[in-house]
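Asker: Dropping in start.csv, which is CSV, C-alpha atoms:
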chain,number,residue,atom,x,y,z
E,1,MET,CA,115.0,108.7,115.8
E,2,PRO,CA,114.6,104.9,115.4
E,3,VAL,CA,113.9,103.6,111.9
E,4,TRP,CA,110.5,102.5,113.0
E,5,ASP,CA,109.1,106.0,113.7
E,6,ASP,CA,108.0,106.4,110.1
E,7,LEU,CA,105.9,103.2,110.3
E,8,VAL,CA,102.6,104.8,111.3
E,9,GLY,CA,100.0,102.9,113.2
E,10,GLN,CA,101.6,99.5,112.7
E,11,ASP,CA,102.5,98.5,116.3
E,12,ARG,CA,102.1,94.7,115.7
E,13,VAL,CA,104.2,94.7,112.6
E,14,THR,CA,106.9,96.8,114.2
E,15,ALA,CA,107.1,94.5,117.1
E,16,GLN,CA,107.6,91.5,114.8
E,17,LEU,CA,110.3,93.2,112.8
E,18,GLU,CA,112.1,94.4,115.8
E,19,ALA,CA,112.3,90.9,117.2
E,20,ALA,CA,113.5,89.6,113.8
E,21,ALA,CA,116.1,92.3,113.6
E,22,ARG,CA,117.4,91.3,117.1
E,23,ASP,CA,117.8,87.7,116.1
E,24,ALA,CA,119.4,88.7,112.8
E,25,ASP,CA,121.9,90.9,114.7
E,26,ALA,CA,122.7,88.1,117.1
E,27,TYR,CA,123.3,85.7,114.2
E,28,VAL,CA,125.7,88.0,112.4
E,29,THR,CA,127.4,89.5,115.4
E,30,VAL,CA,127.7,86.6,117.9
E,31,ALA,CA,127.7,83.6,115.6
E,32,ALA,CA,129.7,85.4,112.9
E,33,GLY,CA,127.1,84.3,110.4
E,34,GLY,CA,128.2,80.7,110.4
E,35,GLY,CA,125.7,78.0,109.5
E,36,GLU,CA,122.0,78.5,109.3
E,37,LEU,CA,119.6,80.5,111.4
E,38,PRO,CA,118.2,78.5,114.3
E,39,SER,CA,114.7,77.2,113.9
E,40,SER,CA,113.5,79.2,116.9
E,41,SER,CA,114.7,82.5,115.2
E,42,LYS,CA,112.2,85.1,114.3
E,43,MET,CA,114.4,86.0,111.4
E,44,THR,CA,113.9,84.4,107.9
E,45,HIS,CA,115.3,84.9,104.4
E,46,ALA,CA,112.1,86.1,102.6
E,47,TRP,CA,109.3,88.4,103.7
E,48,LEU,CA,106.1,89.6,102.1
E,49,PHE,CA,104.5,92.9,103.2
E,50,THR,CA,100.9,93.4,102.1
E,51,GLY,CA,98.4,96.0,102.9
E,52,PRO,CA,96.1,98.6,101.2
E,53,PRO,CA,97.6,101.6,99.3
E,54,GLY,CA,99.2,104.1,101.7
E,55,SER,CA,99.6,101.6,104.6
E,56,GLY,CA,103.4,101.9,104.4
E,57,ARG,CA,104.4,98.6,102.9
E,58,SER,CA,107.6,100.0,101.4
E,59,THR,CA,108.3,102.1,104.5
E,60,ALA,CA,108.2,98.9,106.6
E,61,ALA,CA,110.5,97.1,104.2
E,62,ARG,CA,113.0,100.0,104.1
E,63,ALA,CA,112.9,100.3,107.9
E,64,PHE,CA,113.6,96.6,108.3
E,65,ALA,CA,116.4,96.8,105.8
E,66,ALA,CA,118.0,99.6,107.8
E,67,ALA,CA,117.7,97.7,111.1
E,68,LEU,CA,119.4,94.7,109.5
E,69,GLN,CA,122.3,96.9,108.6
E,70,CYS,CA,122.5,98.8,111.9
E,71,VAL,CA,126.0,99.0,113.4
E,72,SER,CA,125.2,101.2,116.4
E,73,PRO,CA,127.5,100.5,119.4
E,74,ASP,CA,124.4,100.5,121.7
E,75,ARG,CA,123.6,97.0,120.4
E,76,ALA,CA,126.4,95.6,122.7
E,77,LEU,CA,124.6,97.2,125.6
E,78,GLY,CA,121.3,95.6,124.8
E,79,GLY,CA,120.0,98.3,122.5
E,80,ALA,CA,117.7,97.3,119.6
E,81,PRO,CA,119.0,97.4,116.0
E,82,GLY,CA,117.5,100.2,114.0
E,83,CYS,CA,118.8,103.3,115.8
E,84,GLY,CA,118.3,105.5,112.8
E,85,PHE,CA,121.6,107.4,113.4
E,86,CYS,CA,124.5,105.1,112.6
E,87,ASP,CA,126.1,104.8,109.2
E,88,GLY,CA,124.3,101.5,108.4
E,89,CYS,CA,120.8,102.9,109.2
E,90,HIS,CA,121.3,106.2,107.5
E,91,THR,CA,122.7,104.9,104.2
E,92,ALA,CA,120.1,102.2,104.0
E,93,LEU,CA,117.3,104.7,104.5
E,94,VAL,CA,118.6,107.3,102.0
E,95,GLY,CA,119.4,104.6,99.4
E,96,THR,CA,123.2,104.6,99.3
E,97,HIS,CA,124.0,101.4,101.2
E,98,ALA,CA,126.1,99.0,99.2
E,99,ASP,CA,124.2,96.0,100.4
E,100,VAL,CA,120.6,97.3,100.1
E,101,GLU,CA,119.0,97.2,96.7
E,102,VAL,CA,115.6,99.0,96.4
E,103,VAL,CA,113.7,98.1,93.3
E,104,ARG,CA,110.6,100.1,92.2
E,105,THR,CA,109.2,100.5,88.7
E,106,ASP,CA,107.6,103.4,86.8
E,107,LEU,CA,106.5,100.9,84.1
E,108,LEU,CA,103.5,98.6,83.9
E,109,SER,CA,105.5,95.5,84.8
E,110,ILE,CA,108.8,94.0,85.9
E,111,GLY,CA,110.2,91.6,83.3
E,112,VAL,CA,112.4,88.6,83.2
E,113,LYS,CA,115.6,90.5,82.3
E,114,GLU,CA,115.3,92.9,85.3
E,115,THR,CA,114.5,90.0,87.7
E,116,ARG,CA,117.5,87.9,86.5
E,117,ASP,CA,119.8,90.9,87.3
E,118,LEU,CA,118.3,91.0,90.8
E,119,VAL,CA,118.8,87.3,91.3
E,120,ARG,CA,122.5,87.6,90.2
E,121,ARG,CA,122.9,90.5,92.7
E,122,ALA,CA,121.3,88.4,95.5
E,123,GLN,CA,123.9,85.7,95.0
E,124,MET,CA,126.7,88.1,96.0
E,125,SER,CA,128.1,88.1,99.5
E,126,PRO,CA,127.3,91.3,101.5
E,127,ALA,CA,130.1,93.9,101.1
E,128,GLY,CA,129.7,95.1,104.6
E,129,GLY,CA,129.7,91.6,106.2
E,130,ARG,CA,126.1,91.8,107.5
E,131,TRP,CA,123.1,91.2,105.1
E,132,GLN,CA,122.5,91.5,101.4
E,133,VAL,CA,118.9,93.0,101.2
E,134,ILE,CA,116.7,93.1,98.1
E,135,VAL,CA,113.6,95.3,98.6
E,136,LEU,CA,111.1,94.7,95.7
E,137,GLU,CA,108.5,97.4,96.2
E,138,ASP,CA,106.2,96.3,93.3
E,139,ALA,CA,106.2,92.5,93.6
E,140,ASP,CA,102.7,92.6,92.2
E,141,ARG,CA,104.0,93.9,88.9
E,142,LEU,CA,106.2,90.8,88.2
E,143,THR,CA,105.3,89.1,85.0
E,144,GLU,CA,104.7,85.4,85.2
E,145,GLY,CA,108.1,84.6,83.7
E,146,ALA,CA,109.8,87.1,86.1
E,147,GLY,CA,108.0,85.4,89.1
E,148,ASN,CA,109.3,82.0,88.0
E,149,VAL,CA,112.8,83.4,87.9
E,150,LEU,CA,112.4,84.9,91.4
E,151,LEU,CA,111.0,81.7,92.8
E,152,LYS,CA,114.3,79.8,92.4
E,153,ALA,CA,116.2,82.5,94.3
E,154,VAL,CA,113.6,82.6,97.1
E,155,GLU,CA,113.6,78.8,97.3
E,156,GLU,CA,117.3,78.5,97.6
E,157,PRO,CA,118.6,81.8,99.0
E,158,ALA,CA,122.3,82.6,99.3
E,159,PRO,CA,123.7,82.8,102.8
E,160,ARG,CA,122.7,86.1,104.5
E,161,THR,CA,120.6,87.3,101.6
E,162,VAL,CA,117.1,88.7,102.5
E,163,TRP,CA,114.2,89.3,100.1
E,164,LEU,CA,111.6,91.9,101.1
E,165,LEU,CA,108.6,91.8,98.8
E,166,CYS,CA,105.8,94.4,98.8
E,167,ALA,CA,102.3,93.9,97.3
E,168,PRO,CA,98.8,95.1,97.9
E,169,SER,CA,97.5,91.6,98.8
E,170,LEU,CA,98.5,87.9,98.9
E,171,GLU,CA,96.6,87.2,95.6
E,172,ASP,CA,98.9,89.6,93.8
E,173,VAL,CA,101.9,87.3,94.3
E,174,LEU,CA,102.4,83.8,92.8
E,175,PRO,CA,101.3,81.1,95.3
E,176,THR,CA,104.7,79.4,95.0
E,177,ILE,CA,106.5,82.6,96.1
E,178,ARG,CA,104.2,83.7,98.9
E,179,SER,CA,104.3,80.2,100.4
E,180,ARG,CA,108.0,80.6,100.9
E,181,CYS,CA,107.8,84.1,102.6
E,182,ARG,CA,106.9,85.2,106.1
E,183,HIS,CA,103.8,87.3,105.6
E,184,LEU,CA,103.1,90.6,107.4
E,185,THR,CA,99.8,92.4,106.9
E,186,LEU,CA,99.7,96.2,107.4
E,187,ARG,CA,96.5,98.1,108.0
E,188,THR,CA,95.4,101.6,107.0
E,189,PRO,CA,96.9,104.0,109.5
E,190,PRO,CA,94.6,106.0,111.7
E,191,VAL,CA,93.9,109.5,110.4
E,192,ALA,CA,95.2,111.2,113.5
E,193,ALA,CA,98.5,109.3,113.3
E,194,VAL,CA,99.0,110.3,109.7
E,195,ALA,CA,98.3,114.0,110.6
E,196,ASP,CA,100.8,113.7,113.4
E,197,ILE,CA,103.6,112.4,111.2
E,198,LEU,CA,103.0,115.1,108.6
E,199,VAL,CA,103.4,117.8,111.3
E,200,ARG,CA,106.3,116.1,113.0
E,201,ARG,CA,108.3,114.9,110.0
E,202,ASP,CA,107.3,117.3,107.2
E,203,GLY,CA,106.7,120.5,109.2
E,204,ILE,CA,103.2,120.9,107.8
E,205,GLU,CA,100.8,123.2,109.7
E,206,PRO,CA,98.5,121.1,111.9
E,207,PRO,CA,95.2,122.2,110.3
E,208,VAL,CA,96.5,121.5,106.8
E,209,ALA,CA,97.9,118.1,107.9
E,210,ALA,CA,94.6,117.2,109.6
E,211,ALA,CA,92.6,118.1,106.5
E,212,ALA,CA,94.9,116.2,104.1
E,213,ALA,CA,94.9,113.1,106.4
E,214,GLN,CA,91.1,113.2,106.6
E,215,ALA,CA,90.6,113.7,102.9
E,216,THR,CA,92.8,110.7,102.0
E,217,GLN,CA,91.5,108.5,104.8
E,218,GLY,CA,94.9,107.6,106.2
E,219,HIS,CA,96.9,107.2,102.9
E,220,ILE,CA,100.3,108.7,104.0
E,221,GLY,CA,101.8,109.4,100.6
E,222,ARG,CA,98.6,111.0,99.2
E,223,ALA,CA,98.1,113.0,102.3
E,224,ARG,CA,101.6,114.4,102.1
E,225,ARG,CA,101.2,115.3,98.4
E,226,LEU,CA,97.8,116.9,99.1
E,227,ALA,CA,99.2,119.0,101.9
E,228,THR,CA,102.2,120.2,99.9
E,229,ASP,CA,101.1,120.4,96.3
E,230,GLU,CA,98.7,123.1,95.2
E,231,ARG,CA,98.2,121.4,91.8
E,232,ALA,CA,97.1,118.1,93.6
E,233,ARG,CA,94.5,120.0,95.6
E,234,GLU,CA,93.2,121.7,92.4
E,235,ARG,CA,92.9,118.4,90.6
E,236,ARG,CA,91.1,116.8,93.5
E,237,ALA,CA,88.7,119.7,93.7
E,238,ALA,CA,87.9,119.3,90.0
E,239,VAL,CA,87.3,115.6,90.3
E,240,LEU,CA,84.8,116.2,93.2
E,241,LYS,CA,82.8,118.5,91.0
E,242,LEU,CA,82.1,115.7,88.5
E,243,PRO,CA,79.0,114.3,90.2
E,244,LEU,CA,77.3,117.7,89.7
E,245,ARG,CA,78.1,117.8,86.0
E,246,ILE,CA,76.5,114.6,84.7
E,247,ASP,CA,72.9,115.5,84.6
E,248,GLU,CA,73.0,115.2,80.8
E,249,ILE,CA,74.7,112.9,78.3
E,250,GLY,CA,76.7,115.7,76.9
E,251,GLY,CA,78.0,116.5,80.4
E,252,CYS,CA,78.9,112.9,81.0
E,253,LEU,CA,81.0,112.8,77.8
E,254,LYS,CA,82.6,116.1,78.5
E,255,ALA,CA,83.5,115.2,82.1
E,256,ALA,CA,85.1,111.9,80.9
E,257,GLN,CA,87.2,113.7,78.3
E,258,GLU,CA,88.4,116.2,80.8
E,259,LEU,CA,89.4,113.5,83.3
E,260,ILE,CA,91.4,111.8,80.6
E,261,ASP,CA,93.0,115.0,79.4
E,262,SER,CA,94.0,115.8,83.0
E,263,ALA,CA,95.7,112.4,83.4
E,264,ALA,CA,97.4,112.8,80.0
E,265,GLU,CA,98.7,116.3,81.0
E,266,ASP,CA,100.2,114.7,84.2
E,267,ALA,CA,102.0,112.1,82.1
E,268,LYS,CA,103.2,114.8,79.7
E,269,GLN,CA,104.5,116.9,82.5
E,270,LEU,CA,106.5,114.0,84.0
E,271,ALA,CA,107.9,113.2,80.6
E,272,GLU,CA,109.1,116.8,80.1
E,273,GLU,CA,110.8,116.6,83.5
E,274,VAL,CA,112.4,113.2,83.2
E,275,ASP,CA,112.6,112.1,79.5
E,276,THR,CA,114.7,114.9,78.2
E,277,LYS,CA,117.3,114.6,80.9
E,278,GLU,CA,117.3,110.8,80.5
E,279,THR,CA,117.7,111.0,76.8
E,280,GLU,CA,120.6,113.5,76.9
E,281,GLU,CA,122.4,111.5,79.5
E,282,LEU,CA,122.2,108.3,77.4
E,283,LYS,CA,123.4,110.2,74.3
E,284,ALA,CA,126.4,111.5,76.2
E,285,ALA,CA,127.2,108.0,77.5
E,286,LEU,CA,127.0,106.6,74.0
E,287,GLY,CA,129.3,109.3,72.7
E,288,ALA,CA,127.0,111.4,70.6
E,289,ALA,CA,128.7,114.0,68.4
E,290,GLN,CA,128.5,117.7,68.9
E,291,GLY,CA,125.7,118.1,66.5
E,292,GLY,CA,123.7,115.4,68.1
E,293,ARG,CA,124.7,112.7,65.6
E,294,MET,CA,124.6,109.3,67.2
E,295,PRO,CA,127.4,106.7,66.6
E,296,ARG,CA,126.6,103.7,64.5
E,297,GLY,CA,125.0,100.7,66.3
E,298,THR,CA,123.3,102.8,69.0
E,299,ALA,CA,119.8,103.1,67.3
E,300,GLY,CA,118.6,100.0,69.2
E,301,VAL,CA,119.6,101.3,72.6
E,302,MET,CA,117.8,104.6,71.9
E,303,LYS,CA,114.7,102.7,70.7
E,304,ASP,CA,114.7,100.7,74.0
E,305,LEU,CA,114.8,104.0,75.9
E,306,GLU,CA,111.9,105.4,73.9
E,307,ASP,CA,109.8,102.3,74.5
E,308,LYS,CA,110.6,102.5,78.2
E,309,GLN,CA,109.5,106.2,78.3
E,310,LYS,CA,106.3,105.4,76.5
E,311,ARG,CA,105.4,102.7,79.0
E,312,ARG,CA,106.2,105.0,81.8
E,313,ARG,CA,103.8,107.7,80.4
E,314,THR,CA,101.1,105.0,80.2
E,315,ARG,CA,101.7,104.0,83.8
E,316,THR,CA,101.6,107.6,84.9
E,317,GLN,CA,98.3,108.3,83.1
E,318,ARG,CA,96.8,105.1,84.7
E,319,ASP,CA,98.0,106.0,88.1
E,320,THR,CA,96.6,109.6,87.9
E,321,LEU,CA,93.2,108.2,86.7
E,322,ASP,CA,93.1,105.7,89.5
E,323,LEU,CA,93.8,108.4,92.0
E,324,ALA,CA,90.9,110.4,90.6
E,325,LEU,CA,88.6,107.4,90.8
E,326,THR,CA,89.7,106.8,94.4
E,327,ASP,CA,88.7,110.3,95.3
E,328,LEU,CA,85.4,109.8,93.5
E,329,THR,CA,84.8,106.6,95.5
E,330,GLY,CA,85.4,108.5,98.7
E,331,PHE,CA,82.9,111.1,97.7
E,332,TYR,CA,80.1,108.6,97.1
E,333,ARG,CA,81.1,106.8,100.3
E,334,ASP,CA,80.4,110.0,102.2
E,335,VAL,CA,77.0,110.3,100.4
E,336,LEU,CA,76.2,106.8,101.5
E,337,ALA,CA,77.2,107.5,105.1
E,338,LEU,CA,74.8,110.5,105.2
E,339,GLN,CA,72.0,108.5,103.6
E,340,LEU,CA,72.4,105.7,106.2
E,341,GLY,CA,72.8,108.1,109.1
E,342,SER,CA,76.3,106.7,109.9
E,343,GLN,CA,78.4,108.4,112.5
E,344,VAL,CA,81.6,107.7,110.6
E,345,ALA,CA,83.7,110.8,109.9
E,346,LEU,CA,83.3,112.3,106.4
E,347,ALA,CA,86.4,112.3,104.2
E,348,ASN,CA,85.2,115.4,102.3
E,349,VAL,CA,84.1,117.7,105.1
E,350,ASP,CA,84.6,120.7,102.9
E,351,GLN,CA,82.0,119.3,100.4
E,352,ARG,CA,79.3,118.7,103.0
E,353,ASP,CA,76.6,120.9,101.4
E,354,THR,CA,77.0,119.1,98.1
E,355,LEU,CA,77.1,115.7,99.8
E,356,GLU,CA,73.9,116.4,101.7
E,357,ARG,CA,72.2,117.6,98.5
E,358,LEU,CA,73.1,114.4,96.6
E,359,ALA,CA,72.1,112.3,99.6
E,360,ARG,CA,68.6,113.8,99.6
E,361,ALA,CA,68.3,113.5,95.9
E,362,SER,CA,69.0,109.7,95.6
E,363,SER,CA,68.7,106.4,97.5
E,364,PRO,CA,71.4,104.3,99.2
E,365,GLU,CA,70.9,101.7,96.5
E,366,SER,CA,71.7,104.1,93.7
E,367,THR,CA,74.8,105.3,95.6
E,368,LEU,CA,76.0,101.7,95.9
E,369,ARG,CA,75.5,101.2,92.2
E,370,ARG,CA,77.5,104.3,91.5
E,371,ILE,CA,80.4,103.1,93.7
E,372,GLU,CA,80.2,99.7,91.9
E,373,ALA,CA,80.4,101.6,88.5
E,374,ILE,CA,83.6,103.3,89.7
E,375,SER,CA,85.1,100.0,90.7
E,376,ALA,CA,84.2,98.5,87.4
E,377,CYS,CA,86.0,101.4,85.6
E,378,ARG,CA,89.1,100.7,87.7
E,379,GLU,CA,89.0,97.0,86.8
E,380,ALA,CA,88.5,97.9,83.1
E,381,LEU,CA,91.6,100.1,83.1
E,382,GLU,CA,93.6,97.3,84.7
E,383,SER,CA,92.4,95.1,81.9
E,384,ASN,CA,93.8,97.6,79.3
E,385,VAL,CA,90.4,98.9,78.1
E,386,ALA,CA,90.8,102.2,76.3
E,387,PRO,CA,90.7,104.8,79.1
E,388,LEU,CA,88.3,107.2,77.4
E,389,LEU,CA,85.8,104.3,76.7
E,390,ALA,CA,86.0,103.1,80.3
E,391,VAL,CA,85.6,106.5,81.9
E,392,GLU,CA,82.7,107.4,79.5
E,393,ALA,CA,80.9,104.2,80.5
E,394,MET,CA,81.4,105.1,84.2
E,395,THR,CA,80.1,108.6,83.9
E,396,MET,CA,77.0,107.3,82.1
E,397,ALA,CA,76.5,104.8,84.9
E,398,LEU,CA,76.9,107.5,87.5
E,399,ARG,CA,74.2,109.5,85.7
E,400,ALA,CA,71.8,106.6,85.6
E,401,GLY,CA,72.4,105.8,89.3
Using structure tokens, write down the structure from this file.
Answerer:
Amino acid sequence: MPVWDDLVGQDRVTAQLEAAARDADAYVTVAAGGGELPSSSKMTHAWLFTGPPGSGRSTAARAFAAALQCVSPDRALGGAPGCGFCDGCHTALVGTHADVEVVRTDLLSIGVKETRDLVRRAQMSPAGGRWQVIVLEDADRLTEGAGNVLLKAVEEPAPRTVWLLCAPSLEDVLPTIRSRCRHLTLRTPPVAAVADILVRRDGIEPPVAAAAAQATQGHIGRARRLATDERARERRAAVLKLPLRIDEIGGCLKAAQELIDSAAEDAKQLAEEVDTKETEELKAALGAAQGGRMPRGTAGVMKDLEDKQKRRRTRTQRDTLDLALTDLTGFYRDVLALQLGSQVALANVDQRDTLERLARASSPESTLRRIEAISACREALESNVAPLLAVEAMTMALRAG
């Protein structure tokens, strides 16, 4: 199966990456990597993948990284790089290739120290003789200082080093960096295409896959989670009941508190699964005594780990809240579609009775104001407003309409 098969509904982007991979393969294989890429080449040293959440930005970057490392013998017979079966493709896709570094963060930002480590890695020659590939999945989370560190590496790349940056939009990346990258825009995949890949790749039953793809409106990752995780379906169902619980001020405040508590519980669950193991592994590496007593001089290292874990819990809570607000936006979008008589497919078909009741009880103008209130809450959370305060303000605005 070619590496591009997981890139759902992105034919134009796939064609561009395939062409670039062919030129890159010819450069390394035929020209032995000498000199610079010809000006006519479709390959370049820095790429920026943008698109809405769930469009497959990181999937595209990983697939391209695998194609650059492809060593299939079929290439000599005119086959395209990216077979998906050779050692180069397989190790790049599963994350064990020596020349492919995939960087993602569970934290709120990527700092200068981490970026300097990446830049040092990028200066190394590829161990396998093809390309040194750095995939930065959260380029939008670079701090300003980290972006300036990265700029130098993108401006003057080492021979056969390729940077693959992923971000939601061009505006999320420093202008000086994005101007030095080749830009590819991905679109939201069609619902039918998402359902098809859930069936084909994950073995999910077709009705379940179709319902999950429709509910998430083409977001591949969320559709997979909704189709496979019972707790995710329960949380979503609870969120979609919120519009019926805000008739009174007390109901607004209670609903806001429950939304925050649910997000905090998610963060706590992740911490219980990851933090304990992470802490024990670090203690063992530092040579902790049998009774748990730490050697002298290690308190600072343990404090750094605790700070990292705290930031990760904050990120998890924000991500869970944002997911709930996205589902709520989709709910009111369906209400608006019914009010306007639109023929667009509803995302929440299973909630049709509730949607029709709310559509009859309000006007399109009030529904738009509610959608704007949810957007304002998301922006407030991004600006570090206290989560409970932001969500309470939103539920009150939803009640007012």
Asker: Could you pull the residues within 8 Å of Val13 in chain E, counting only C-alpha atoms, minus those fewer than 4 positions along the same chain, as a PyMOL selection string?
Answerer: chain E and resi 17+184-186
Asker: Would you mind listing what lies within 9 Å of Asp87 in chain E as a list of chain:residue names, with only C-alpha atoms counted and same-chain residues fewer than 6 positions away left out?
Answerer: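 The neighbour list is E:Gln69, E:Cys70, E:Val71, E:Ser72, E:His97.
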Asker: If I take CA of Pro2 in chain E and CA of Ala66 in chain E, how far is one from the other in Å, to one decimal?
Answerer: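 Going from CA of Pro2 in chain E over to CA of Ala66 in chain E, I get 9.9 Å.
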Asker: Leaving out Pro243 in chain E and any residue of its chain fewer than 6 positions from it, which residues lie within 10 Å of it when counting only C-alpha atoms, given as a list in words?
Answerer: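 Answer for this query is Cys252, Ala255, Leu328, Phe331, Tyr332, Thr354, Leu355, Leu358, Thr395, Leu398 and Arg399 of chain E.
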Asker: What's the 12 Å shell around Glu258 in chain E, counting all atoms listed in the file, without same-chain residues fewer than 4 positions away, as a PDB file with C-alpha atoms, in the frame of the given file?
Answerer:
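Final file, result-v2.pdb:
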ATOM      1  CA  ARG E 235      92.900 118.400  90.600  1.00  0.00           C
ATOM      2  CA  ALA E 238      87.900 119.300  90.000  1.00  0.00           C
ATOM      3  CA  VAL E 239      87.300 115.600  90.300  1.00  0.00           C
ATOM      4  CA  LYS E 241      82.800 118.500  91.000  1.00  0.00           C
ATOM      5  CA  LEU E 242      82.100 115.700  88.500  1.00  0.00           C
ATOM      6  CA  ARG E 245      78.100 117.800  86.000  1.00  0.00           C
ATOM      7  CA  GLY E 251      78.000 116.500  80.400  1.00  0.00           C
ATOM      8  CA  CYS E 252      78.900 112.900  81.000  1.00  0.00           C
ATOM      9  CA  LEU E 253      81.000 112.800  77.800  1.00  0.00           C
ATOM     10  CA  LYS E 254      82.600 116.100  78.500  1.00  0.00           C
ATOM     11  CA  SER E 262      94.000 115.800  83.000  1.00  0.00           C
ATOM     12  CA  ALA E 263      95.700 112.400  83.400  1.00  0.00           C
ATOM     13  CA  ALA E 264      97.400 112.800  80.000  1.00  0.00           C
ATOM     14  CA  GLU E 265      98.700 116.300  81.000  1.00  0.00           C
ATOM     15  CA  LEU E 321      93.200 108.200  86.700  1.00  0.00           C
ATOM     16  CA  ALA E 324      90.900 110.400  90.600  1.00  0.00           C
ATOM     17  CA  PRO E 387      90.700 104.800  79.100  1.00  0.00           C
ATOM     18  CA  LEU E 388      88.300 107.200  77.400  1.00  0.00           C
ATOM     19  CA  VAL E 391      85.600 106.500  81.900  1.00  0.00           C
ATOM     20  CA  GLU E 392      82.700 107.400  79.500  1.00  0.00           C
ATOM     21  CA  THR E 395      80.100 108.600  83.900  1.00  0.00           C
TER      22      THR E 395
END
Asker: Would you please work out which residue, of E:Asp140, E:Asp11, E:Glu101, E:Glu234, is nearest to Glu171 in chain E when using only C-alpha atoms?
Answerer: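 With only C-alpha atoms as the atom set, the closest residue is E:Asp140.
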Asker: Find the residue from E:Pro157, E:Gly330, E:Gly287, E:Gly401 that sits nearest to Ala361 in chain E; use only C-alpha atoms when measuring.
Answerer: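 Closest to Ala361 in chain E, using only C-alpha atoms: E:Gly401.
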Asker: Which is closest to Arg224 in chain E among E:Ala15, E:Val208, E:Leu338, E:Ala237, if we use only C-alpha atoms?
Answerer: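 Of E:Ala15, E:Val208, E:Leu338, E:Ala237, the one nearest Arg224 in chain E is E:Val208, counting only C-alpha atoms.
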Asker: Between CA of Ala271 in chain E and CA of Leu118 in chain E, what is the distance in Å, rounded to a tenth?
Answerer: 26.6 Å
Asker: Counting only C-alpha atoms, what is within 12 Å of Gly88 in chain E, bar same-chain residues fewer than 6 positions away, as a ChimeraX atom specification?
Answerer: /E:3,63-73,81-82,94-100,128-131
Asker: Report the distance between CA of Thr316 in chain E and CA of Glu281 in chain E in Å, rounded to one decimal place.
Answerer: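 Separation between CA of Thr316 in chain E and CA of Glu281 in chain E: 21.8 Å.
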Asker: Which residues of range 299-371 of chain E have any atom within 12 Å of an atom in range 50-53 of chain E when counting only C-alpha atoms, and what is the closest pair of atoms for each, with the distance in Å to one decimal? Order the rows by chain and rising number and write it as CSV.
Answerer:
residue,atom,partner,partner_atom,distance
E:Asp322,CA,E:Pro53,CA,11.5
E:Leu323,CA,E:Pro53,CA,10.7
E:Thr326,CA,E:Pro53,CA,10.7
Asker: Smallest atom-to-atom distance to Leu389 in chain E: which of E:Pro190, E:Gln257, E:Gln339, E:Ile374, using all atoms listed in the file?
Answerer: E:Gln257
